Amino acid sequence: MSVPDFLSPDSNPPTAFYFSVKFTGMDDMESSFQEVSGLKTTFGFEERKEGGENRFVHELPTPPTYDNLVLKRCLMPNSKLDNWCRDAINDFKFSPRELHISLMGAGDIKILASWNVVHAFPVSWELSALNSNTNELAIETLTLNYRYFKRET
C-alpha cells in the first residue's frame with residue numbers, strides 16, 4: 001500500500017482552506033465560497049433478536065443518511081446561483097445539480113481530494129445578521145439537500 005503524495009515525509013498535511021466548488025453543467029455559475037460543510041454520512045443500526053439466543057441482539061446496518069450541504073459566501077445578488085436558489089425557494093421550480101468539491105494543495109492547483117455530490121437542490125437560504133455596529137460583509141448561507149456523495153480522489 002503506497003502512501004499518498006501529500007502524506008510523504010517531505011510534505012505538509014493538507015490544509016482545509018484551499019478548496020473549490022464547481023456545479024456540473026453550469027461552468028459560469030459562481031462558485032467562490034468561504035466555507036463548505038456537511039459532507040457527512042452516517043449509518044444507523046436495526047436491532048434483531050435471534051430466537052432462542054438471549055445473550056445478545058444482532059445489530060444490522062441500515063442504509064446511510066447524509067447531512068445537508070452548507071455553502072457560505074459573500075452576498076452576490078442577481079447571480080446565476082442566486083437565481084437557481086430563488087427558482088426553487090420562491091417558485092418551487094427545482095433543478096437538481098451535481099457539484100464537485102475539491103481540496104487543493106497549498107501553492108499549486110493539485111487536487112488532493114475531491115467529492116462528487118449527486119442530485120443537490122436548495123432547501124434553505126439565509127442572510128447573516130445586519131448590524132450597524134460592525135463593518136462585516138453580508139454573508140449568505142445556502143443549504144442543499146442531496147442524495148449522496150462519493151469520494152473521487
# chains A, B, ... in the order shown; residues from 1 in each chain; ligands from 1
$ residues_around --residues "A:Ala88" --least-positions-apart "6" --cutoff "8 Å" --atoms "only C-alpha atoms" --output "PyMOL selection string"
chain A and resi 94-95+121-123
$ select_by_dssp --residues "chain A" --states "strand (DSSP E or B)" --output "PyMOL selection string"
chain A and resi 19-23+35-37+41-42+45-50+53-61+65-66+69-74+97-104+111-127+139-145+148-151
$ write_last_selection --atoms "C-alpha atoms" --output "mmCIF file, in the first residue's frame"
data_model
loop_
_atom_site.group_PDB
_atom_site.id
_atom_site.type_symbol
_atom_site.label_atom_id
_atom_site.label_comp_id
_atom_site.auth_asym_id
_atom_site.auth_seq_id
_atom_site.Cartn_x
_atom_site.Cartn_y
_atom_site.Cartn_z
ATOM 1 C CA PHE A 19 -10.783 24.330 -1.972
ATOM 2 C CA SER A 20 -13.053 24.752 -4.969
ATOM 3 C CA VAL A 21 -16.737 24.099 -5.618
ATOM 4 C CA LYS A 22 -17.968 23.592 -9.189
ATOM 5 C CA PHE A 23 -21.512 22.953 -10.360
ATOM 6 C CA GLU A 35 -16.948 27.781 3.842
ATOM 7 C CA VAL A 36 -18.320 24.361 2.903
ATOM 8 C CA SER A 37 -19.671 21.900 5.470
ATOM 9 C CA THR A 41 -22.599 10.132 6.049
ATOM 10 C CA THR A 42 -23.961 8.098 8.937
ATOM 11 C CA PHE A 45 -28.453 0.091 13.017
ATOM 12 C CA GLU A 46 -31.525 -2.050 13.336
ATOM 13 C CA GLU A 47 -31.736 -4.467 16.229
ATOM 14 C CA ARG A 48 -32.766 -8.058 15.515
ATOM 15 C CA LYS A 49 -33.315 -10.645 18.186
ATOM 16 C CA GLU A 50 -32.473 -14.211 17.377
ATOM 17 C CA GLU A 53 -30.464 -16.708 21.787
ATOM 18 C CA ASN A 54 -30.914 -14.269 24.666
ATOM 19 C CA ARG A 55 -27.290 -13.235 25.362
ATOM 20 C CA PHE A 56 -27.110 -10.582 22.634
ATOM 21 C CA VAL A 57 -29.020 -8.750 19.932
ATOM 22 C CA HIS A 58 -27.831 -8.558 16.314
ATOM 23 C CA GLU A 59 -27.252 -5.021 15.055
ATOM 24 C CA LEU A 60 -27.696 -4.820 11.278
ATOM 25 C CA PRO A 61 -26.665 -1.683 9.369
ATOM 26 C CA THR A 65 -28.115 9.011 5.669
ATOM 27 C CA TYR A 66 -26.446 12.234 4.564
ATOM 28 C CA LEU A 69 -24.512 20.535 2.465
ATOM 29 C CA VAL A 70 -23.972 24.113 3.692
ATOM 30 C CA LEU A 71 -22.239 26.702 1.499
ATOM 31 C CA LYS A 72 -21.336 30.196 2.737
ATOM 32 C CA ARG A 73 -20.180 33.182 0.721
ATOM 33 C CA CYS A 74 -20.431 36.956 0.393
ATOM 34 C CA ARG A 97 -27.401 19.702 -9.956
ATOM 35 C CA GLU A 98 -24.261 17.729 -9.335
ATOM 36 C CA LEU A 99 -21.338 19.535 -7.838
ATOM 37 C CA HIS A 100 -17.689 18.776 -7.264
ATOM 38 C CA ILE A 101 -15.827 19.827 -4.149
ATOM 39 C CA SER A 102 -12.036 19.668 -4.386
ATOM 40 C CA LEU A 103 -9.417 20.117 -1.683
ATOM 41 C CA MET A 104 -6.387 21.785 -3.277
ATOM 42 C CA ILE A 111 -6.198 18.223 -6.254
ATOM 43 C CA LEU A 112 -5.526 16.317 -3.033
ATOM 44 C CA ALA A 113 -9.056 15.013 -2.532
ATOM 45 C CA SER A 114 -12.391 15.512 -4.267
ATOM 46 C CA TRP A 115 -16.023 14.595 -3.755
ATOM 47 C CA ASN A 116 -18.927 14.395 -6.203
ATOM 48 C CA VAL A 117 -22.267 15.473 -4.684
ATOM 49 C CA VAL A 118 -25.235 13.988 -6.554
ATOM 50 C CA HIS A 119 -28.702 15.497 -7.132
ATOM 51 C CA ALA A 120 -28.290 18.626 -4.985
ATOM 52 C CA PHE A 121 -31.005 21.247 -4.694
ATOM 53 C CA PRO A 122 -31.551 24.234 -2.375
ATOM 54 C CA VAL A 123 -33.683 23.774 0.733
ATOM 55 C CA SER A 124 -32.735 26.899 2.667
ATOM 56 C CA TRP A 125 -31.205 30.342 2.158
ATOM 57 C CA GLU A 126 -30.149 32.652 4.976
ATOM 58 C CA LEU A 127 -28.581 36.105 5.229
ATOM 59 C CA ILE A 139 -22.832 36.525 4.208
ATOM 60 C CA GLU A 140 -25.391 34.304 2.542
ATOM 61 C CA THR A 141 -25.762 30.705 3.652
ATOM 62 C CA LEU A 142 -27.130 28.216 1.154
ATOM 63 C CA THR A 143 -28.255 24.805 2.393
ATOM 64 C CA LEU A 144 -28.535 21.993 -0.146
ATOM 65 C CA ASN A 145 -30.145 18.599 0.179
ATOM 66 C CA TYR A 148 -25.390 11.041 -1.739
ATOM 67 C CA PHE A 149 -21.760 11.931 -2.265
ATOM 68 C CA LYS A 150 -18.778 9.834 -3.214
ATOM 69 C CA ARG A 151 -15.067 10.389 -2.853
#
$ select_by_dssp --residues "stretch 32-121 of chain A" --states "alpha helix (DSSP H)" --output "PDB file with N, CA and C atoms, in the first residue's frame"
ATOM      1  N   LYS A  80     -26.229  33.839 -11.035  1.00  0.00           N
ATOM      2  CA  LYS A  80     -26.881  32.613 -11.514  1.00  0.00           C
ATOM      3  C   LYS A  80     -27.185  31.662 -10.363  1.00  0.00           C
ATOM      4  N   LEU A  81     -26.299  31.598  -9.388  1.00  0.00           N
ATOM      5  CA  LEU A  81     -26.549  30.749  -8.227  1.00  0.00           C
ATOM      6  C   LEU A  81     -27.739  31.290  -7.428  1.00  0.00           C
ATOM      7  N   ASP A  82     -27.806  32.593  -7.275  1.00  0.00           N
ATOM      8  CA  ASP A  82     -28.930  33.233  -6.586  1.00  0.00           C
ATOM      9  C   ASP A  82     -30.238  32.949  -7.323  1.00  0.00           C
ATOM     10  N   ASN A  83     -30.226  33.048  -8.641  1.00  0.00           N
ATOM     11  CA  ASN A  83     -31.425  32.766  -9.441  1.00  0.00           C
ATOM     12  C   ASN A  83     -31.856  31.305  -9.315  1.00  0.00           C
ATOM     13  N   TRP A  84     -30.882  30.388  -9.324  1.00  0.00           N
ATOM     14  CA  TRP A  84     -31.171  28.950  -9.157  1.00  0.00           C
ATOM     15  C   TRP A  84     -31.852  28.699  -7.811  1.00  0.00           C
ATOM     16  N   CYS A  85     -31.357  29.347  -6.778  1.00  0.00           N
ATOM     17  CA  CYS A  85     -31.945  29.203  -5.436  1.00  0.00           C
ATOM     18  C   CYS A  85     -33.347  29.803  -5.385  1.00  0.00           C
ATOM     19  N   ARG A  86     -33.506  30.998  -5.935  1.00  0.00           N
ATOM     20  CA  ARG A  86     -34.822  31.646  -5.901  1.00  0.00           C
ATOM     21  C   ARG A  86     -35.856  30.871  -6.703  1.00  0.00           C
ATOM     22  N   ASP A  87     -35.438  30.249  -7.818  1.00  0.00           N
ATOM     23  CA  ASP A  87     -36.370  29.411  -8.585  1.00  0.00           C
ATOM     24  C   ASP A  87     -36.927  28.290  -7.711  1.00  0.00           C
ATOM     25  N   ALA A  88     -36.068  27.692  -6.903  1.00  0.00           N
ATOM     26  CA  ALA A  88     -36.512  26.592  -6.036  1.00  0.00           C
ATOM     27  C   ALA A  88     -37.307  27.102  -4.842  1.00  0.00           C
ATOM     28  N   ILE A  89     -36.774  28.076  -4.144  1.00  0.00           N
ATOM     29  CA  ILE A  89     -37.375  28.509  -2.883  1.00  0.00           C
ATOM     30  C   ILE A  89     -38.631  29.357  -3.110  1.00  0.00           C
TER      31      ILE A  89
END
$ residues_around --residues "A:Gly44" --least-positions-apart "4" --cutoff "8 Å" --atoms "only C-alpha atoms" --output "list in words"
Pro61, Thr62, Pro63 and Pro64 of chain A
$ write_last_selection --atoms "C-alpha atoms" --output "compact mmCIF listing (two decimals), in the first residue's frame"
# COMPACT_ATOMS: atom_id res chain seq x y z
CA PRO A 61 -26.67 -1.68 9.37
CA THR A 62 -29.38 0.38 7.69
CA PRO A 63 -28.84 2.45 4.52
CA PRO A 64 -26.71 5.56 5.06
$ closest_residue --among "A:Phe17, A:Asn135, A:Asn68, A:Ile109" --to "A:Leu39" --atoms "only C-alpha atoms"
A:Asn68
